[in-house]
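The file final11.tsv comes next; it holds TSV, C-alpha atoms.
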chain	number	residue	atom	x	y	z
A	1	MET	CA	96.50	-141.22	-163.03
A	2	THR	CA	96.53	-138.02	-165.12
A	3	VAL	CA	99.08	-136.91	-167.66
A	4	LYS	CA	99.74	-133.18	-167.82
A	5	THR	CA	100.20	-131.77	-171.33
A	6	THR	CA	102.92	-129.13	-171.28
A	7	VAL	CA	104.30	-127.45	-174.41
A	8	ASN	CA	106.91	-124.68	-174.18
A	9	GLY	CA	106.40	-124.74	-170.41
A	10	VAL	CA	102.74	-123.82	-170.85
A	11	ASP	CA	100.19	-126.10	-169.19
A	12	VAL	CA	98.04	-126.65	-172.28
A	13	ASP	CA	95.30	-128.50	-170.39
A	14	LYS	CA	94.88	-125.55	-168.04
A	15	LEU	CA	94.98	-123.15	-171.00
A	16	MET	CA	92.16	-125.07	-172.71
A	17	GLU	CA	90.19	-125.25	-169.45
A	18	THR	CA	90.59	-121.46	-169.06
A	19	ILE	CA	89.39	-120.85	-172.63
A	20	ASP	CA	86.43	-123.15	-172.02
A	21	LEU	CA	85.58	-121.50	-168.68
A	22	LEU	CA	85.74	-117.92	-170.01
A	23	GLY	CA	83.68	-118.97	-173.02
A	24	ARG	CA	80.91	-120.05	-170.65
A	25	GLN	CA	81.38	-117.28	-168.07
A	26	PRO	CA	82.50	-114.15	-169.99
A	27	GLU	CA	82.46	-112.00	-166.84
A	28	LEU	CA	85.52	-113.91	-165.57
A	29	GLY	CA	87.56	-112.43	-168.44
A	30	THR	CA	87.32	-108.88	-167.11
A	31	PHE	CA	90.52	-107.79	-165.41
A	32	LYS	CA	91.51	-104.50	-163.84
A	33	PHE	CA	95.30	-104.05	-163.71
A	34	ARG	CA	96.81	-101.52	-161.32
A	35	THR	CA	99.94	-99.51	-160.62
A	36	ASN	CA	100.69	-97.15	-157.74
A	37	ASN	CA	103.60	-94.77	-158.19
A	38	SER	CA	105.39	-92.70	-155.57
A	39	TRP	CA	107.69	-89.88	-156.60
A	40	ILE	CA	110.97	-90.00	-154.67
A	41	ASP	CA	113.22	-87.18	-155.94
A	42	GLY	CA	113.87	-85.47	-159.25
A	43	THR	CA	113.52	-87.98	-162.07
A	44	TYR	CA	113.46	-90.89	-159.60
A	45	ASN	CA	110.20	-92.63	-158.70
A	46	ARG	CA	108.93	-96.10	-157.84
A	47	ALA	CA	106.00	-98.02	-159.29
A	48	GLU	CA	104.24	-100.92	-157.58
A	49	ASN	CA	101.89	-103.46	-159.10
A	50	PRO	CA	99.83	-104.68	-156.15
A	51	SER	CA	97.78	-107.21	-158.09
A	52	ALA	CA	95.48	-107.81	-160.94
A	53	LEU	CA	91.95	-107.24	-159.76
A	54	GLY	CA	89.50	-109.53	-161.44
A	55	PRO	CA	86.79	-112.02	-160.60
A	56	ALA	CA	89.34	-114.79	-160.91
A	57	ALA	CA	92.42	-112.95	-159.62
A	58	SER	CA	93.84	-112.66	-156.15
A	59	GLU	CA	95.99	-110.12	-154.31
A	60	ARG	CA	99.74	-110.58	-154.19
A	61	ALA	CA	101.30	-110.95	-150.77
A	62	VAL	CA	104.08	-108.58	-151.90
A	63	PRO	CA	103.68	-106.20	-154.86
A	64	HIS	CA	106.15	-106.18	-157.72
A	65	THR	CA	108.14	-102.94	-157.57
A	66	HIS	CA	110.01	-101.03	-160.27
A	67	ASP	CA	112.58	-98.31	-159.74
A	68	ILE	CA	112.31	-95.71	-162.49
A	69	ASP	CA	114.85	-93.00	-163.28
A	70	GLU	CA	116.53	-91.24	-166.19
A	71	PRO	CA	120.14	-91.58	-167.39
A	72	PRO	CA	122.49	-88.69	-166.54
A	73	VAL	CA	122.08	-87.19	-170.04
A	74	LEU	CA	118.39	-86.79	-169.19
A	75	LEU	CA	119.06	-85.30	-165.72
A	76	GLY	CA	118.82	-88.48	-163.65
A	77	GLU	CA	121.20	-90.93	-161.99
A	78	ASP	CA	120.13	-94.12	-163.81
A	79	ARG	CA	118.77	-95.75	-160.63
A	80	GLY	CA	116.40	-97.71	-162.86
A	81	ALA	CA	115.29	-97.98	-166.47
A	82	ASN	CA	113.44	-94.92	-167.70
A	83	PRO	CA	109.71	-94.83	-168.45
A	84	VAL	CA	109.97	-95.30	-172.22
A	85	GLU	CA	112.25	-98.31	-171.63
A	86	TYR	CA	109.57	-99.81	-169.34
A	87	LEU	CA	107.11	-99.50	-172.19
A	88	LEU	CA	109.49	-101.46	-174.46
A	89	ALA	CA	110.04	-104.06	-171.71
A	90	GLY	CA	106.30	-104.63	-171.36
A	91	LEU	CA	105.89	-104.79	-175.13
A	92	SER	CA	108.71	-107.33	-175.45
A	93	GLY	CA	107.21	-109.53	-172.72
A	94	CYS	CA	103.76	-109.40	-174.22
A	95	VAL	CA	104.66	-110.40	-177.76
A	96	THR	CA	106.88	-113.15	-176.31
A	97	THR	CA	104.15	-114.63	-174.11
A	98	THR	CA	101.53	-114.36	-176.85
A	99	PHE	CA	103.80	-116.12	-179.36
A	100	ILE	CA	104.70	-118.89	-176.89
A	101	ALA	CA	101.11	-119.42	-175.70
A	102	TYR	CA	99.71	-119.71	-179.22
A	103	ALA	CA	102.57	-122.02	-180.21
A	104	ALA	CA	101.78	-124.19	-177.18
A	105	ALA	CA	98.06	-124.26	-177.99
A	106	GLN	CA	98.93	-125.49	-181.50
A	107	GLY	CA	101.49	-128.02	-180.27
A	108	VAL	CA	104.40	-126.14	-181.89
A	109	LYS	CA	107.58	-126.65	-179.88
A	110	ILE	CA	109.81	-123.56	-179.63
A	111	ASP	CA	113.43	-124.13	-178.65
A	112	GLU	CA	114.50	-120.53	-178.29
A	113	LEU	CA	112.92	-117.11	-178.63
A	114	ARG	CA	114.62	-113.76	-178.35
A	115	THR	CA	113.32	-110.37	-179.39
A	116	GLU	CA	115.17	-107.13	-180.01
A	117	LEU	CA	113.20	-103.90	-179.82
A	118	ASP	CA	114.18	-100.36	-180.57
A	119	GLY	CA	112.24	-97.16	-180.96
A	120	ASP	CA	112.89	-93.54	-181.83
A	121	ILE	CA	112.08	-90.56	-179.65
A	122	ASP	CA	113.03	-86.95	-180.21
A	123	VAL	CA	113.27	-85.60	-176.67
A	124	ARG	CA	112.95	-82.01	-177.92
A	125	ALA	CA	109.16	-82.42	-177.94
A	126	PHE	CA	109.13	-83.53	-174.30
A	127	LEU	CA	111.28	-80.53	-173.42
A	128	GLY	CA	108.92	-78.16	-175.23
A	129	ILE	CA	111.62	-77.07	-177.70
A	130	THR	CA	109.56	-78.02	-180.75
A	131	HIS	CA	105.99	-78.93	-181.62
A	132	ASP	CA	106.99	-80.29	-185.04
A	133	VAL	CA	107.59	-83.81	-183.70
A	134	ARG	CA	105.52	-85.87	-181.31
A	135	PRO	CA	106.74	-86.42	-177.73
A	136	GLY	CA	106.17	-90.17	-177.95
A	137	TYR	CA	107.75	-92.95	-179.99
A	138	GLN	CA	107.80	-92.24	-183.72
A	139	SER	CA	108.02	-95.97	-184.46
A	140	ILE	CA	109.05	-99.19	-182.74
A	141	ARG	CA	110.74	-102.18	-184.41
A	142	ILE	CA	110.43	-105.71	-183.01
A	143	LYS	CA	112.80	-108.33	-184.39
A	144	PHE	CA	112.13	-112.00	-183.59
A	145	HIS	CA	114.90	-114.59	-183.32
A	146	VAL	CA	113.30	-118.05	-183.23
A	147	LYS	CA	114.79	-121.54	-183.00
A	148	SER	CA	112.25	-124.22	-183.82
A	149	ASP	CA	111.77	-127.21	-186.09
A	150	ALA	CA	108.49	-125.69	-187.25
A	151	PRO	CA	108.40	-124.35	-190.84
A	152	GLU	CA	109.01	-120.66	-191.34
A	153	ALA	CA	105.41	-120.14	-192.50
A	154	LYS	CA	104.18	-121.39	-189.11
A	155	ILE	CA	106.61	-119.09	-187.28
A	156	ARG	CA	105.36	-116.11	-189.31
A	157	GLU	CA	101.74	-117.10	-188.56
A	158	LEU	CA	102.54	-117.15	-184.82
A	159	MET	CA	104.26	-113.77	-185.12
A	160	LYS	CA	101.12	-112.38	-186.75
A	161	LEU	CA	99.04	-113.68	-183.82
A	162	ALA	CA	101.51	-112.04	-181.40
A	163	GLU	CA	101.19	-108.80	-183.34
A	164	ARG	CA	97.37	-108.82	-183.35
A	165	ARG	CA	96.46	-110.39	-180.03
A	166	SER	CA	99.20	-109.23	-177.65
A	167	PRO	CA	97.41	-106.83	-175.28
A	168	VAL	CA	100.40	-104.46	-175.04
A	169	ALA	CA	101.12	-104.52	-178.79
A	170	GLU	CA	97.47	-103.86	-179.61
A	171	SER	CA	97.29	-101.08	-176.99
A	172	VAL	CA	100.42	-99.38	-178.27
A	173	ARG	CA	99.59	-99.72	-181.95
A	174	ASN	CA	95.98	-98.55	-181.75
A	175	GLY	CA	96.12	-96.23	-178.73
A	176	VAL	CA	94.16	-96.22	-175.47
A	177	PRO	CA	91.95	-93.46	-173.99
A	178	LEU	CA	93.64	-91.98	-170.91
A	179	GLU	CA	91.64	-90.23	-168.19
A	180	PHE	CA	93.54	-87.88	-165.86
A	181	THR	CA	91.98	-86.81	-162.57
A	182	LEU	CA	93.15	-84.89	-159.49
A	183	ALA	CA	92.28	-86.48	-156.14
B	184	MET	CA	131.62	-69.94	-156.52
B	185	THR	CA	128.52	-71.26	-158.28
B	186	VAL	CA	125.12	-71.85	-156.75
B	187	LYS	CA	123.23	-74.82	-158.14
B	188	THR	CA	119.52	-74.23	-158.65
B	189	THR	CA	117.62	-77.37	-157.68
B	190	VAL	CA	113.82	-77.59	-157.52
B	191	ASN	CA	112.07	-80.89	-156.70
B	192	GLY	CA	115.47	-82.55	-156.93
B	193	VAL	CA	115.81	-81.46	-160.57
B	194	ASP	CA	118.96	-79.55	-161.51
B	195	VAL	CA	117.18	-76.64	-163.19
B	196	ASP	CA	120.40	-75.07	-164.50
B	197	LYS	CA	121.28	-78.30	-166.27
B	198	LEU	CA	117.70	-78.60	-167.56
B	199	MET	CA	117.89	-75.09	-169.06
B	200	GLU	CA	121.34	-75.80	-170.52
B	201	THR	CA	119.96	-78.98	-172.11
B	202	ILE	CA	117.00	-77.10	-173.60
B	203	ASP	CA	119.37	-74.44	-174.93
B	204	LEU	CA	121.79	-77.03	-176.37
B	205	LEU	CA	119.09	-79.08	-178.13
B	206	GLY	CA	117.57	-75.87	-179.48
B	207	ARG	CA	120.87	-75.10	-181.19
B	208	GLN	CA	121.77	-78.70	-182.10
B	209	PRO	CA	118.48	-80.51	-182.86
B	210	GLU	CA	120.26	-83.73	-183.88
B	211	LEU	CA	121.25	-84.25	-180.23
B	212	GLY	CA	117.57	-84.74	-179.36
B	213	THR	CA	117.28	-87.97	-181.33
B	214	PHE	CA	117.31	-91.03	-179.08
B	215	LYS	CA	116.98	-94.71	-179.85
B	216	PHE	CA	115.77	-96.71	-176.86
B	217	ARG	CA	116.29	-100.47	-176.78
B	218	THR	CA	115.10	-103.65	-175.11
B	219	ASN	CA	116.34	-107.21	-175.57
B	220	ASN	CA	114.07	-109.98	-174.33
B	221	SER	CA	114.89	-113.65	-173.76
B	222	TRP	CA	112.14	-116.17	-173.28
B	223	ILE	CA	112.84	-118.48	-170.34
B	224	ASP	CA	109.91	-120.88	-169.92
B	225	GLY	CA	106.14	-120.73	-170.40
B	226	THR	CA	104.91	-117.24	-169.51
B	227	TYR	CA	108.28	-116.33	-167.95
B	228	ASN	CA	110.77	-114.11	-169.81
B	229	ARG	CA	113.35	-111.44	-169.07
B	230	ALA	CA	113.79	-108.01	-170.64
B	231	GLU	CA	117.00	-106.00	-170.57
B	232	ASN	CA	117.49	-102.31	-171.31
B	233	PRO	CA	121.14	-102.07	-172.32
B	234	SER	CA	121.16	-98.31	-172.84
B	235	ALA	CA	119.64	-95.44	-174.66
B	236	LEU	CA	121.43	-94.95	-177.94
B	237	GLY	CA	121.73	-91.36	-178.93
B	238	PRO	CA	124.29	-88.81	-179.92
B	239	ALA	CA	124.45	-87.68	-176.31
B	240	ALA	CA	123.84	-91.04	-174.61
B	241	SER	CA	126.27	-93.67	-173.44
B	242	GLU	CA	126.15	-97.41	-172.81
B	243	ARG	CA	125.35	-98.68	-169.33
B	244	ALA	CA	127.96	-100.83	-167.65
B	245	VAL	CA	125.17	-103.17	-166.52
B	246	PRO	CA	121.74	-103.24	-168.22
B	247	HIS	CA	118.56	-102.84	-166.23
B	248	THR	CA	116.71	-106.17	-166.18
B	249	HIS	CA	113.05	-106.97	-165.70
B	250	ASP	CA	111.56	-110.36	-164.88
B	251	ILE	CA	108.19	-110.75	-166.57
B	252	ASP	CA	105.62	-113.44	-165.84
B	253	GLU	CA	101.88	-113.96	-165.41
B	254	PRO	CA	99.93	-114.61	-162.21
B	255	PRO	CA	98.71	-118.20	-161.66
B	256	VAL	CA	95.22	-117.33	-162.92
B	257	LEU	CA	96.88	-116.49	-166.26
B	258	LEU	CA	98.99	-119.68	-166.29
B	259	GLY	CA	102.20	-118.25	-164.78
B	260	GLU	CA	103.94	-118.33	-161.42
B	261	ASP	CA	104.06	-114.57	-160.76
B	262	ARG	CA	107.88	-114.43	-160.93
B	263	GLY	CA	107.50	-110.81	-162.04
B	264	ALA	CA	104.87	-108.27	-163.02
B	265	ASN	CA	103.06	-109.12	-166.21
B	266	PRO	CA	103.49	-107.22	-169.50
B	267	VAL	CA	100.39	-105.03	-169.19
B	268	GLU	CA	101.51	-104.07	-165.67
B	269	TYR	CA	104.90	-103.00	-167.08
B	270	LEU	CA	103.06	-100.72	-169.48
B	271	LEU	CA	101.25	-99.10	-166.52
B	272	ALA	CA	104.53	-98.81	-164.58
B	273	GLY	CA	106.18	-96.97	-167.47
B	274	LEU	CA	103.16	-94.73	-167.90
B	275	SER	CA	103.12	-93.88	-164.18
B	276	GLY	CA	106.82	-93.01	-164.20
B	277	CYS	CA	106.53	-90.87	-167.31
B	278	VAL	CA	103.64	-88.68	-166.17
B	279	THR	CA	105.38	-88.32	-162.79
B	280	THR	CA	108.70	-87.21	-164.24
B	281	THR	CA	107.04	-84.88	-166.75
B	282	PHE	CA	104.95	-83.25	-164.01
B	283	ILE	CA	107.97	-82.85	-161.71
B	284	ALA	CA	110.28	-81.52	-164.44
B	285	TYR	CA	107.80	-78.89	-165.64
B	286	ALA	CA	107.08	-77.88	-162.04
B	287	ALA	CA	110.83	-77.49	-161.47
B	288	ALA	CA	111.28	-75.45	-164.65
B	289	GLN	CA	108.55	-73.09	-163.42
B	290	GLY	CA	109.90	-72.94	-159.86
B	291	VAL	CA	106.85	-74.73	-158.43
B	292	LYS	CA	107.82	-76.75	-155.37
B	293	ILE	CA	106.07	-80.13	-155.04
B	294	ASP	CA	106.08	-81.74	-151.59
B	295	GLU	CA	104.54	-85.05	-152.54
B	296	LEU	CA	103.27	-86.75	-155.66
B	297	ARG	CA	101.59	-90.12	-155.93
B	298	THR	CA	99.65	-91.54	-158.84
B	299	GLU	CA	97.19	-94.42	-158.95
B	300	LEU	CA	96.56	-96.07	-162.30
B	301	ASP	CA	94.14	-98.74	-163.32
B	302	GLY	CA	93.04	-100.09	-166.67
B	303	ASP	CA	90.55	-102.60	-168.01
B	304	ILE	CA	91.40	-105.61	-170.16
B	305	ASP	CA	89.11	-108.41	-171.23
B	306	VAL	CA	91.49	-111.35	-171.57
B	307	ARG	CA	89.00	-113.25	-173.73
B	308	ALA	CA	90.28	-111.33	-176.77
B	309	PHE	CA	93.88	-112.36	-176.07
B	310	LEU	CA	92.71	-115.97	-175.75
B	311	GLY	CA	90.87	-115.78	-179.07
B	312	ILE	CA	87.49	-116.48	-177.43
B	313	THR	CA	85.89	-113.33	-178.82
B	314	HIS	CA	86.58	-110.70	-181.45
B	315	ASP	CA	83.94	-108.34	-180.03
B	316	VAL	CA	86.40	-106.64	-177.64
B	317	ARG	CA	89.94	-105.47	-178.26
B	318	PRO	CA	92.88	-107.44	-176.77
B	319	GLY	CA	94.45	-104.27	-175.33
B	320	TYR	CA	93.40	-101.83	-172.63
B	321	GLN	CA	89.89	-100.46	-173.12
B	322	SER	CA	90.79	-97.40	-171.03
B	323	ILE	CA	93.33	-96.32	-168.42
B	324	ARG	CA	92.66	-93.96	-165.49
B	325	ILE	CA	95.44	-91.91	-163.86
B	326	LYS	CA	94.66	-90.26	-160.54
B	327	PHE	CA	97.10	-87.66	-159.19
B	328	HIS	CA	97.60	-87.06	-155.47
B	329	VAL	CA	99.62	-83.86	-155.05
B	330	LYS	CA	100.86	-82.02	-151.96
B	331	SER	CA	102.04	-78.52	-152.79
B	332	ASP	CA	101.50	-74.92	-151.74
B	333	ALA	CA	100.84	-74.03	-155.39
B	334	PRO	CA	97.24	-73.14	-156.30
B	335	GLU	CA	95.05	-75.89	-157.70
B	336	ALA	CA	94.92	-74.16	-161.10
B	337	LYS	CA	98.71	-74.45	-161.38
B	338	ILE	CA	98.58	-78.15	-160.42
B	339	ARG	CA	95.96	-78.77	-163.09
B	340	GLU	CA	98.10	-76.89	-165.64
B	341	LEU	CA	101.08	-79.11	-164.79
B	342	MET	CA	98.90	-82.22	-165.07
B	343	LYS	CA	97.84	-81.06	-168.53
B	344	LEU	CA	101.52	-80.72	-169.52
B	345	ALA	CA	102.16	-84.23	-168.16
B	346	GLU	CA	99.22	-85.53	-170.20
B	347	ARG	CA	100.36	-83.89	-173.43
B	348	ARG	CA	104.16	-84.04	-173.27
B	349	SER	CA	104.86	-87.29	-171.43
B	350	PRO	CA	106.40	-89.55	-174.11
B	351	VAL	CA	104.72	-92.70	-172.76
B	352	ALA	CA	101.33	-91.02	-172.27
B	353	GLU	CA	101.44	-89.55	-175.76
B	354	SER	CA	102.57	-92.89	-177.25
B	355	VAL	CA	99.81	-94.84	-175.51
B	356	ARG	CA	97.04	-92.32	-176.20
B	357	ASN	CA	97.81	-91.78	-179.89
B	358	GLY	CA	99.36	-95.11	-180.82
B	359	VAL	CA	102.72	-95.97	-182.37
B	360	PRO	CA	103.48	-97.84	-185.62
B	361	LEU	CA	104.98	-101.27	-184.81
B	362	GLU	CA	107.15	-103.12	-187.30
B	363	PHE	CA	107.60	-106.88	-186.78
B	364	THR	CA	110.42	-108.72	-188.55
B	365	LEU	CA	111.87	-112.23	-188.42
B	366	ALA	CA	115.66	-112.44	-188.19
Using the file provided, produce a representation of the structure as structure tokens.
Amino acid sequence: MTVKTTVNGVDVDKLMETIDLLGRQPELGTFKFRTNNSWIDGTYNRAENPSALGPAASERAVPHTHDIDEPPVLLGEDRGANPVEYLLAGLSGCVTTTFIAYAAAQGVKIDELRTELDGDIDVRAFLGITHDVRPGYQSIRIKFHVKSDAPEAKIRELMKLAERRSPVAESVRNGVPLEFTLA
Amino acid sequence: MTVKTTVNGVDVDKLMETIDLLGRQPELGTFKFRTNNSWIDGTYNRAENPSALGPAASERAVPHTHDIDEPPVLLGEDRGANPVEYLLAGLSGCVTTTFIAYAAAQGVKIDELRTELDGDIDVRAFLGITHDVRPGYQSIRIKFHVKSDAPEAKIRELMKLAERRSPVAESVRNGVPLEFTLA
């Protein structure tokens, strides 16, 4: 008979086994994530995530799909969140999962976790009206709301881990080389 | 009687009016985009985009929601795309819309546009197994598939505009300051 150790809904035994396995076989840690996007009309397009490709990953039977559009004020019909909102969504999910996973690994029970994100963009740069501001986000704020019996110092330590080790947070903070090619 | 000028599904008259308006009233270009995320269980959480907040933006009646999870190999149940896939989805939508909008503004008709993105992550850094690689994307490739009667030089010029002026592409390439706070 085996007892499964689960904290915050994370299977801690499997997490530790994964850490042990990737420590011994580093090549299993290499993932290639993918998105295919098809333009539909105007500001409307659809992205699909077919799978993570990696030595230890498998194809999805059905890809996850995302409808992407702009609100009317930005010439769309709001048939989906817009691209910069998708970036915030991914960022919110990543800091959440990183926080929860590290809490689980340390045996820290979290009762509730919400995050509120907001970021500033001056759309004049996108529209080519000015070159005095960047087209992207000028800054992004991430506010954590945490319910837990753990001391505040522990919560702040977990937030710091989420800030440093979340793949999306680290990508967005430090930047990623992008390579554009024409098929 | 008015004739509406639409190219690639983009209302070019409205686009030019918007550019003219924001040129005269720069404060209307300032947007605040938002995401609220609620952790559900383990690697599963849900992000909501309630609206873009800006002088010219309005609340949505119903927010766009995004289920976020990890695949089984990363301790989840694949109830949604994972956070780093959401980043790619947003990036794909942003370069697509930027390309299409600039083509429309220049009267360049695009018959078809697809993009394929992939990016490399070594999950050992996220798991704290190594500090020799970054937790985020090491690089991201974006391949354009374009059907259009326009000459290849024009397509490459539009791709360059998408690379430079897409808010998500510019954010991800150059990085964005992130500010974490505890409520």
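Coordinates place atom CA of Asn220 of chain B at a distance of 6.1 Å from atom CA of Ser92 of chain A.
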statement: From atom CA of Leu341 of chain B to atom CA of Thr43 of chain A the spacing works out at 15.5 Å
message: What's around segment 145-154 of chain A at 10 Å? Count all atoms listed in the file, leave out sequence neighbours fewer than 3 positions away in its own chain, and write the answer as number ranges by chain.
response: A: 103, 108-116, 142, 157-160; B: 221, 364-366
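The coordinates place atom CA of Thr96 of chain A at 20.1 Å from atom CA of Asp13 of chain A.
Of the listed residues (B:Phe214, B:Gly302, B:Asp224, B:Ala288), B:Ala288 comes nearest to Thr188 of chain B; the distances count all atoms listed in the file.
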field: Top pick for closest residue to chain B, considering A:Val62, A:Leu117, A:His131, A:Val95 and counting only C-alpha atoms
entry: A:Leu117
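Applying the 7 Å criterion to (94.9, -93.5, -176.8) in file coordinates and using all atoms listed in the file, one obtains the residues A:Gly175, A:Val176, A:Pro177, A:Leu178, B:Val355, B:Arg356, B:Asn357, B:Gly358.
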Near-Gly263 of chain B list (12 Å; all atoms listed in the file; drop same-chain fewer than 3 positions) as a VMD selection string: (chain A and resid 48 to 51 60 62 to 66 90 93) or (chain B and resid 226 to 230 248 to 255 259 to 260 266 to 269)
- request: Please provide as a VMD selection string all residues within 8 Å of Ala308 of chain B, with the sequence filter that same-chain residues fewer than 5 positions apart are discarded (counting all atoms listed in the file).
  value: (chain A and resid 165) or (chain B and resid 313 to 318)
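Residue nearest Lys143 of chain A within the list B:Asn219, B:Val306, B:Leu257, B:Glu200: B:Asn219 [criterion: smallest interatomic distance, only C-alpha atoms].
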- prompt: Residues at most 12 Å from Gln25 of chain A, counting only C-alpha atoms, excluding those fewer than 4 positions away in the same chain, as a PyMOL selection string?
  reply: (chain A and resi 17-21+29-30+55-56) or (chain B and resi 307+312)
